[in-house]
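S.K.: Structure file run-v2.tsv, TSV, C-alpha atoms, is pasted below:
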```tsv
chain	number	residue	atom	x	y	z
A	1443	MET	CA	0.00	0.00	0.00
A	1444	LYS	CA	1.68	3.10	-1.25
A	1445	ILE	CA	-0.63	5.62	0.31
A	1446	PHE	CA	1.59	6.67	3.18
A	1447	PHE	CA	4.52	7.59	0.99
A	1448	CYS	CA	3.15	8.04	-2.44
A	1449	SER	CA	3.55	10.56	-5.10
A	1450	THR	CA	1.63	8.02	-7.21
A	1451	GLY	CA	-1.73	6.52	-6.28
A	1452	SER	CA	-5.24	7.85	-6.72
A	1453	ALA	CA	-6.27	11.46	-6.18
A	1454	VAL	CA	-8.03	10.39	-2.97
A	1455	GLN	CA	-4.82	8.80	-1.67
A	1456	ARG	CA	-2.77	11.86	-2.59
A	1457	ARG	CA	-5.23	14.12	-0.75
A	1458	PHE	CA	-5.02	11.82	2.25
A	1459	VAL	CA	-1.22	11.94	2.30
A	1460	LYS	CA	-1.28	15.75	1.99
A	1461	ARG	CA	-3.68	16.02	4.94
A	1462	ILE	CA	-1.51	13.69	7.02
A	1463	TRP	CA	1.65	15.68	6.28
A	1464	LEU	CA	-0.13	18.98	6.96
A	1465	ALA	CA	-1.45	17.73	10.30
A	1466	THR	CA	1.97	16.34	11.20
A	1467	PHE	CA	3.64	19.64	10.38
A	1468	ILE	CA	1.09	21.55	12.49
A	1469	ASN	CA	1.56	19.00	15.28
A	1470	VAL	CA	5.34	19.54	15.34
A	1471	PHE	CA	4.82	23.32	15.24
A	1472	PHE	CA	2.33	23.23	18.14
A	1473	CYS	CA	4.58	20.91	20.16
A	1474	VAL	CA	7.49	23.34	19.87
A	1475	ALA	CA	5.29	26.42	20.37
A	1476	THR	CA	3.62	24.89	23.44
A	1477	ALA	CA	6.95	23.91	24.99
A	1478	VAL	CA	8.30	27.43	24.39
A	1479	ALA	CA	5.12	29.05	25.74
A	1480	PHE	CA	5.26	27.05	28.96
A	1481	ARG	CA	8.96	27.76	29.40
A	1482	LEU	CA	8.61	31.49	28.81
A	1483	TRP	CA	5.35	32.30	30.57
A	1484	HIS	CA	4.94	29.57	33.24
A	1485	LEU	CA	1.28	29.20	32.31
A	1486	ARG	CA	-1.31	28.17	34.89
A	1487	GLY	CA	-5.05	27.62	35.04
A	1488	LEU	CA	-7.27	27.95	31.99
A	1489	PRO	CA	-4.57	29.35	29.64
A	1490	ALA	CA	-2.35	26.39	30.54
A	1491	TYR	CA	-5.11	23.92	29.70
A	1492	CYS	CA	-5.88	25.70	26.41
A	1493	ILE	CA	-2.26	25.84	25.28
A	1494	ALA	CA	-1.48	22.29	26.47
A	1495	VAL	CA	-4.17	20.73	24.29
A	1496	LEU	CA	-3.00	22.51	21.13
A	1497	PRO	CA	-0.62	19.71	20.00
A	1498	ALA	CA	-3.45	17.20	20.42
A	1499	LEU	CA	-5.68	18.96	17.89
A	1500	PRO	CA	-3.64	18.02	14.78
A	1501	THR	CA	-3.46	14.43	15.98
A	1502	MET	CA	-7.26	14.43	15.99
A	1503	GLY	CA	-7.00	15.95	12.53
A	1504	VAL	CA	-4.98	12.94	11.40
A	1505	LEU	CA	-7.69	10.60	12.70
A	1506	LEU	CA	-10.27	12.75	10.93
A	1507	ALA	CA	-8.18	12.49	7.73
A	1508	LEU	CA	-8.30	8.71	8.10
A	1509	GLY	CA	-12.08	8.88	8.39
A	1510	ILE	CA	-12.37	11.19	5.38
A	1511	TYR	CA	-10.12	8.87	3.38
A	1512	LEU	CA	-12.32	5.89	4.21
A	1513	ARG	CA	-15.38	7.83	3.03
A	1514	GLU	CA	-13.73	9.11	-0.15
A	1515	GLU	CA	-11.87	5.96	-1.21
A	1516	THR	CA	-13.83	4.32	-4.00
A	1517	ASP	CA	-11.63	1.21	-4.13
A	1518	GLU	CA	-13.39	-1.17	-1.78
A	1519	PHE	CA	-10.37	-3.45	-1.47
A	1520	GLN	CA	-8.14	-0.59	-0.31
A	1521	ARG	CA	-10.83	0.38	2.19
A	1522	ARG	CA	-10.96	-3.20	3.45
A	1523	VAL	CA	-7.19	-3.33	3.88
A	1524	LEU	CA	-7.12	-0.07	5.83
A	1525	VAL	CA	-10.08	-1.01	8.04
A	1526	GLU	CA	-8.58	-4.42	8.87
A	1527	SER	CA	-5.19	-2.80	9.50
A	1528	MET	CA	-6.76	-0.18	11.79
A	1529	LEU	CA	-8.64	-2.86	13.74
A	1530	SER	CA	-5.43	-4.79	14.08
A	1531	GLY	CA	-3.53	-1.65	15.11
A	1532	ILE	CA	-6.17	-0.74	17.69
A	1533	GLY	CA	-6.26	-4.30	19.02
A	1534	PHE	CA	-2.50	-4.59	19.46
A	1535	THR	CA	-2.33	-1.10	20.99
A	1536	LEU	CA	-5.04	-1.94	23.53
A	1537	ALA	CA	-3.41	-5.27	24.30
A	1538	LEU	CA	0.04	-3.78	24.78
A	1539	THR	CA	-1.02	-0.74	26.80
A	1540	THR	CA	-3.35	-2.76	29.02
A	1541	THR	CA	-0.61	-5.31	29.66
A	1542	TRP	CA	1.80	-2.46	30.38
A	1543	GLY	CA	-0.73	-0.99	32.83
A	1544	TYR	CA	-0.78	-4.21	34.83
A	1545	LEU	CA	3.02	-4.38	34.68
A	1546	GLU	CA	3.14	-0.82	36.08
A	1547	ASP	CA	0.73	-1.74	38.88
A	1548	PHE	CA	2.29	-5.01	39.95
A	1549	ALA	CA	5.83	-5.25	38.58
A	1550	ARG	CA	6.77	-1.59	38.92
A	1551	VAL	CA	7.93	-1.16	35.33
A	1552	PRO	CA	8.50	2.48	34.24
A	1553	HIS	CA	5.40	4.59	33.65
A	1554	LEU	CA	4.25	4.84	30.04
A	1555	HIS	CA	3.21	8.39	29.17
A	1556	LEU	CA	-0.27	8.37	27.62
A	1557	ILE	CA	0.96	10.35	24.60
A	1558	TRP	CA	2.79	7.20	23.48
A	1559	ILE	CA	-0.47	5.33	22.95
A	1560	TYR	CA	-1.10	7.36	19.80
A	1561	VAL	CA	2.42	6.68	18.53
A	1562	ILE	CA	2.11	2.97	19.35
A	1563	PHE	CA	-1.16	2.82	17.38
A	1564	TRP	CA	0.57	4.24	14.30
A	1565	VAL	CA	3.48	1.85	14.66
A	1566	PHE	CA	1.10	-1.13	14.83
A	1567	LEU	CA	-0.97	0.28	11.96
A	1568	GLY	CA	2.22	0.62	9.89
A	1569	ILE	CA	3.15	-2.99	10.65
A	1570	SER	CA	-0.39	-4.25	10.04
A	1571	ILE	CA	-0.84	-2.81	6.54
A	1572	PRO	CA	1.79	-4.97	4.76
A	1573	VAL	CA	0.73	-7.99	6.83
A	1574	VAL	CA	-2.92	-7.57	5.83
A	1575	MET	CA	-1.91	-6.91	2.21
A	1576	ALA	CA	0.15	-10.10	2.20
A	1577	ARG	CA	-2.91	-12.10	3.24
A	1578	TYR	CA	-4.66	-11.07	0.02
A	1579	ARG	CA	-1.79	-11.85	-2.35
B	1114	MET	CA	-14.92	-17.12	-4.28
B	1115	LYS	CA	-13.71	-18.93	-7.40
B	1116	ASN	CA	-13.94	-16.98	-10.61
B	1117	ARG	CA	-12.89	-16.93	-14.26
B	1118	LEU	CA	-11.31	-13.49	-14.19
B	1119	LYS	CA	-7.82	-14.68	-15.06
B	1120	VAL	CA	-9.10	-16.58	-18.10
B	1121	LEU	CA	-11.35	-13.75	-19.24
B	1122	ARG	CA	-8.51	-11.30	-18.82
B	1123	ALA	CA	-6.09	-13.53	-20.75
B	1124	GLU	CA	-8.61	-13.93	-23.58
B	1125	ARG	CA	-8.51	-10.18	-24.04
B	1126	ASP	CA	-4.76	-9.99	-23.48
B	1127	TRP	CA	-5.25	-7.61	-20.58
B	1128	SER	CA	-2.84	-7.34	-17.70
B	1129	GLN	CA	-4.13	-6.94	-14.15
B	1130	ALA	CA	-3.22	-3.27	-14.44
B	1131	ASP	CA	-5.29	-2.95	-17.64
B	1132	LEU	CA	-8.32	-4.48	-15.95
B	1133	ALA	CA	-7.78	-2.35	-12.86
B	1134	LEU	CA	-7.74	0.77	-15.03
B	1135	ARG	CA	-11.01	-0.23	-16.70
B	1136	LEU	CA	-12.63	-0.96	-13.34
B	1137	GLU	CA	-11.16	2.16	-11.72
B	1138	VAL	CA	-9.69	0.14	-8.87
B	1139	SER	CA	-6.15	-0.70	-7.83
B	1140	ARG	CA	-4.16	-3.57	-9.38
B	1141	GLN	CA	-4.03	-5.15	-5.91
B	1142	SER	CA	-7.84	-5.25	-5.92
B	1143	VAL	CA	-7.89	-7.14	-9.22
B	1144	ASN	CA	-5.27	-9.55	-7.93
B	1145	ALA	CA	-7.16	-10.16	-4.67
B	1146	ILE	CA	-10.42	-10.81	-6.54
B	1147	GLU	CA	-8.70	-13.00	-9.12
B	1148	THR	CA	-7.08	-15.21	-6.49
B	1149	GLY	CA	-10.44	-15.57	-4.75
B	1150	LYS	CA	-9.21	-13.97	-1.56
B	1151	PHE	CA	-11.46	-10.94	-1.79
B	1152	ASP	CA	-15.09	-11.04	-2.83
B	1153	PRO	CA	-16.15	-7.90	-4.66
B	1154	SER	CA	-19.27	-6.00	-3.71
B	1155	LEU	CA	-22.38	-6.40	-5.85
B	1156	PRO	CA	-21.80	-3.06	-7.67
B	1157	LEU	CA	-18.22	-4.08	-8.55
B	1158	ALA	CA	-19.37	-7.54	-9.63
B	1159	PHE	CA	-21.95	-5.91	-11.94
B	1160	LYS	CA	-19.25	-3.61	-13.28
B	1161	LEU	CA	-17.08	-6.64	-14.05
B	1162	ALA	CA	-19.98	-8.41	-15.71
B	1163	ARG	CA	-20.74	-5.37	-17.90
B	1164	LEU	CA	-17.08	-5.05	-18.84
B	1165	PHE	CA	-16.86	-8.66	-20.02
B	1166	GLY	CA	-20.39	-8.71	-21.43
B	1167	LEU	CA	-21.36	-11.65	-19.25
B	1168	ARG	CA	-23.68	-12.37	-16.34
B	1169	ILE	CA	-22.22	-12.32	-12.82
B	1170	GLU	CA	-22.74	-16.09	-12.41
B	1171	GLU	CA	-20.77	-16.67	-15.61
B	1172	ILE	CA	-17.75	-15.01	-13.96
B	1173	PHE	CA	-18.12	-16.07	-10.33
B	1174	GLU	CA	-18.73	-19.60	-9.17
B	1175	ASP	CA	-21.04	-20.12	-6.23
B	1176	SER	CA	-19.15	-22.55	-4.02
B	1177	ASP	CA	-22.33	-23.69	-2.16
```
Here is a file; write its structure as structure tokens.

M.R.:
Amino acid sequence: MKIFFCSTGSAVQRRFVKRIWLATFINVFFCVATAVAFRLWHLRGLPAYCIAVLPALPTMGVLLALGIYLREETDEFQRRVLVESMLSGIGFTLALTTTWGYLEDFARVPHLHLIWIYVIFWVFLGISIPVVMARYR
Amino acid sequence: MKNRLKVLRAERDWSQADLALRLEVSRQSVNAIETGKFDPSLPLAFKLARLFGLRIEEIFEDSD
């Protein structure tokens, strides 16, 4: 599945990739801006909450882009592959993070910051896509 | 689901990419349908049937 890297692919896939890159760029910008803002102004209260959630907004945008892609994609096989890969990615992420939670509680392993759950999902999604594709070859 | 896509395609000397272009789907989709690992939706099955000038049951074999 070329969609995550492609300059080729359908117009829908190219739009999806553009949205992902745009959201990622905004995410990086907000991460840096938020870190700088907190360092410079020592924010507290409502402004702190508002600024702190800024980097999360583009990550929601990426999930929205996934949803839009699934609606726009006319190739039902590509939709199937992505849906199965997402289910697999979600399943492995839930399994790993839940297991890690118990390990934290009982075996005192280091705490996993919740932000990593999103990253772990994308890693598992990235692994799942070629695996799911291989099943249909 | 078993089907005659490979034969029908070969009769017309079409590659999987050629068929994919005509169906407006990806080559992987054609390959997955051809190998019987992915069953197309009814609209796509009708599109295939129209393209080959056949009925759906002349392309796909009901395994039951």

S.K.: Please find the residues of chain B near chain A - the criterion being any atom within 6 Å, counting all atoms listed in the file - and write them as an NGL selection string.

M.R.: :B and (1138 or 1142 or 1145 or 1150)

S.K.: So which residues fall inside 9 Å of (-6.1, -6.4, -15.5) if we count only C-alpha atoms? Mind giving them as an mmCIF file with C-alpha atoms, in the frame of the given file?

M.R.:
```
data_model
loop_
_atom_site.group_PDB
_atom_site.id
_atom_site.type_symbol
_atom_site.label_atom_id
_atom_site.label_comp_id
_atom_site.auth_asym_id
_atom_site.auth_seq_id
_atom_site.Cartn_x
_atom_site.Cartn_y
_atom_site.Cartn_z
ATOM 1 C CA LEU B 1118 -11.310 -13.490 -14.190
ATOM 2 C CA LYS B 1119 -7.820 -14.680 -15.060
ATOM 3 C CA ARG B 1122 -8.510 -11.300 -18.820
ATOM 4 C CA ALA B 1123 -6.090 -13.530 -20.750
ATOM 5 C CA ASP B 1126 -4.760 -9.990 -23.480
ATOM 6 C CA TRP B 1127 -5.250 -7.610 -20.580
ATOM 7 C CA SER B 1128 -2.840 -7.340 -17.700
ATOM 8 C CA GLN B 1129 -4.130 -6.940 -14.150
ATOM 9 C CA ALA B 1130 -3.220 -3.270 -14.440
ATOM 10 C CA ASP B 1131 -5.290 -2.950 -17.640
ATOM 11 C CA LEU B 1132 -8.320 -4.480 -15.950
ATOM 12 C CA ALA B 1133 -7.780 -2.350 -12.860
ATOM 13 C CA LEU B 1134 -7.740 0.770 -15.030
ATOM 14 C CA ARG B 1135 -11.010 -0.230 -16.700
ATOM 15 C CA LEU B 1136 -12.630 -0.960 -13.340
ATOM 16 C CA ARG B 1140 -4.160 -3.570 -9.380
ATOM 17 C CA VAL B 1143 -7.890 -7.140 -9.220
ATOM 18 C CA ASN B 1144 -5.270 -9.550 -7.930
#
```

S.K.: Name all residues at most 12 Å from Gly1533 (chain A) (count all atoms listed in the file; drop same-chain ones fewer than 2 positions away) and give them as a PyMOL selection string.

M.R.: chain A and resi 1526-1531+1535-1540+1559+1562-1564+1566-1567+1570

S.K.: Rank nothing, just name the residue among B:Gly1149, B:Lys1115, B:Asp1175, B:Leu1121 nearest to Ala1162 (chain B), using only C-alpha atoms.

M.R.: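 Among B:Gly1149, B:Lys1115, B:Asp1175, B:Leu1121, it is B:Leu1121 that comes nearest to Ala1162 (chain B).
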
S.K.: Can you tell me, as a list in words, what residues are no more than 12 Å from Gly1509 (chain A) when counting all atoms listed in the file, ignoring any on the same chain fewer than 5 positions away?

M.R.: Phe1458, Arg1461, Ile1462, Met1502, Gly1503, Val1504, Glu1514, Glu1515, Arg1521, Leu1524, Val1525 and Met1528 of chain A

S.K.: Write the residues of the selection above to a file with C-alpha atoms, as a PDB file, keeping the file's coordinate frame.

M.R.:
```pdb
ATOM      1  CA  PHE A1458      -5.020  11.820   2.250  1.00  0.00           C
ATOM      2  CA  ARG A1461      -3.680  16.020   4.940  1.00  0.00           C
ATOM      3  CA  ILE A1462      -1.510  13.690   7.020  1.00  0.00           C
ATOM      4  CA  MET A1502      -7.260  14.430  15.990  1.00  0.00           C
ATOM      5  CA  GLY A1503      -7.000  15.950  12.530  1.00  0.00           C
ATOM      6  CA  VAL A1504      -4.980  12.940  11.400  1.00  0.00           C
ATOM      7  CA  GLU A1514     -13.730   9.110  -0.150  1.00  0.00           C
ATOM      8  CA  GLU A1515     -11.870   5.960  -1.210  1.00  0.00           C
ATOM      9  CA  ARG A1521     -10.830   0.380   2.190  1.00  0.00           C
ATOM     10  CA  LEU A1524      -7.120  -0.070   5.830  1.00  0.00           C
ATOM     11  CA  VAL A1525     -10.080  -1.010   8.040  1.00  0.00           C
ATOM     12  CA  MET A1528      -6.760  -0.180  11.790  1.00  0.00           C
TER      13      MET A1528
END
```

S.K.: Rounded to one decimal, what separation in Å do you get between CA of Phe1480 (chain A) and CA of Pro1500 (chain A)?

M.R.: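 Going from CA of Phe1480 (chain A) over to CA of Pro1500 (chain A), I get 19.0 Å.
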
S.K.: Which distance in Å separates CA of Ala1158 (chain B) and CA of Ile1510 (chain A), to one decimal?

M.R.: 25.0 Å

S.K.: Which of these residues is nearest to Val1459 (chain A), using only C-alpha atoms: A:Ile1557, A:Val1478, A:Leu1508, A:Ile1569?

M.R.: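 Going through A:Ile1557, A:Val1478, A:Leu1508, A:Ile1569 one by one, the smallest distance to Val1459 (chain A) is for A:Leu1508.
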
S.K.: Distance CA of Lys1460 (chain A)-CA of Ala1576 (chain A), one decimal place?

M.R.: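 About the pair CA of Lys1460 (chain A) and CA of Ala1576 (chain A): they are 25.9 Å apart.
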
S.K.: Give the padded box for region 1125-1144 of chain B as JSON: axis-aligned, covering all atoms listed in the file, 3 Å on each side, centre and edge lengths in Å to one decimal.

M.R.:
```
{"center_x": -7.7, "center_y": -4.0, "center_z": -15.0, "size_x": 15.8, "size_y": 18.3, "size_z": 24.1}
```

S.K.: Is it possible to get the residues within 12 Å of (-20.0, -18.6, -18.9) (coordinates as in the file, counting only C-alpha atoms) written as a PDB file with C-alpha atoms, in the frame of the given file?

M.R.:
```pdb
ATOM      1  CA  ASN B1116     -13.940 -16.980 -10.610  1.00  0.00           C
ATOM      2  CA  ARG B1117     -12.890 -16.930 -14.260  1.00  0.00           C
ATOM      3  CA  LEU B1118     -11.310 -13.490 -14.190  1.00  0.00           C
ATOM      4  CA  VAL B1120      -9.100 -16.580 -18.100  1.00  0.00           C
ATOM      5  CA  LEU B1121     -11.350 -13.750 -19.240  1.00  0.00           C
ATOM      6  CA  ALA B1162     -19.980  -8.410 -15.710  1.00  0.00           C
ATOM      7  CA  PHE B1165     -16.860  -8.660 -20.020  1.00  0.00           C
ATOM      8  CA  GLY B1166     -20.390  -8.710 -21.430  1.00  0.00           C
ATOM      9  CA  LEU B1167     -21.360 -11.650 -19.250  1.00  0.00           C
ATOM     10  CA  ARG B1168     -23.680 -12.370 -16.340  1.00  0.00           C
ATOM     11  CA  ILE B1169     -22.220 -12.320 -12.820  1.00  0.00           C
ATOM     12  CA  GLU B1170     -22.740 -16.090 -12.410  1.00  0.00           C
ATOM     13  CA  GLU B1171     -20.770 -16.670 -15.610  1.00  0.00           C
ATOM     14  CA  ILE B1172     -17.750 -15.010 -13.960  1.00  0.00           C
ATOM     15  CA  PHE B1173     -18.120 -16.070 -10.330  1.00  0.00           C
ATOM     16  CA  GLU B1174     -18.730 -19.600  -9.170  1.00  0.00           C
TER      17      GLU B1174
END
```

S.K.: Please supply region 1135-1152 of chain B, rebuilt with N, CA and C atoms, as a compact mmCIF listing (two decimals), in the coordinates of the input.

M.R.:
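Full text of out_19.txt as output:
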```txt
# COMPACT_ATOMS: atom_id res chain seq x y z
N ARG B 1135 -9.63 -0.21 -16.17
CA ARG B 1135 -11.01 -0.23 -16.70
C ARG B 1135 -12.05 -0.25 -15.57
N LEU B 1136 -11.69 -0.88 -14.47
CA LEU B 1136 -12.63 -0.96 -13.34
C LEU B 1136 -12.52 0.22 -12.39
N GLU B 1137 -11.47 1.02 -12.60
CA GLU B 1137 -11.16 2.16 -11.72
C GLU B 1137 -10.90 1.70 -10.28
N VAL B 1138 -10.15 0.62 -10.18
CA VAL B 1138 -9.69 0.14 -8.87
C VAL B 1138 -8.19 -0.08 -8.95
N SER B 1139 -7.59 -0.46 -7.83
CA SER B 1139 -6.15 -0.70 -7.83
C SER B 1139 -5.82 -2.09 -8.41
N ARG B 1140 -4.58 -2.26 -8.86
CA ARG B 1140 -4.16 -3.57 -9.38
C ARG B 1140 -4.24 -4.63 -8.27
N GLN B 1141 -3.95 -4.21 -7.03
CA GLN B 1141 -4.03 -5.15 -5.91
C GLN B 1141 -5.46 -5.69 -5.75
N SER B 1142 -6.44 -4.82 -6.03
CA SER B 1142 -7.84 -5.25 -5.92
C SER B 1142 -8.13 -6.36 -6.93
N VAL B 1143 -7.66 -6.13 -8.17
CA VAL B 1143 -7.89 -7.14 -9.22
C VAL B 1143 -7.22 -8.44 -8.82
N ASN B 1144 -6.00 -8.34 -8.33
CA ASN B 1144 -5.27 -9.55 -7.93
C ASN B 1144 -6.00 -10.29 -6.80
N ALA B 1145 -6.48 -9.53 -5.81
CA ALA B 1145 -7.16 -10.16 -4.67
C ALA B 1145 -8.47 -10.83 -5.10
N ILE B 1146 -9.17 -10.21 -6.05
CA ILE B 1146 -10.42 -10.81 -6.54
C ILE B 1146 -10.09 -12.07 -7.36
N GLU B 1147 -9.09 -11.91 -8.21
CA GLU B 1147 -8.70 -13.00 -9.12
C GLU B 1147 -8.27 -14.26 -8.36
N THR B 1148 -7.55 -14.06 -7.28
CA THR B 1148 -7.08 -15.21 -6.49
C THR B 1148 -8.16 -15.74 -5.55
N GLY B 1149 -9.32 -15.10 -5.57
CA GLY B 1149 -10.44 -15.57 -4.75
C GLY B 1149 -10.32 -15.21 -3.29
N LYS B 1150 -9.39 -14.32 -2.97
CA LYS B 1150 -9.21 -13.97 -1.56
C LYS B 1150 -10.06 -12.78 -1.13
N PHE B 1151 -10.59 -12.08 -2.10
CA PHE B 1151 -11.46 -10.94 -1.79
C PHE B 1151 -12.68 -11.00 -2.69
N ASP B 1152 -13.85 -11.02 -2.05
CA ASP B 1152 -15.09 -11.04 -2.83
C ASP B 1152 -15.54 -9.61 -3.10
```
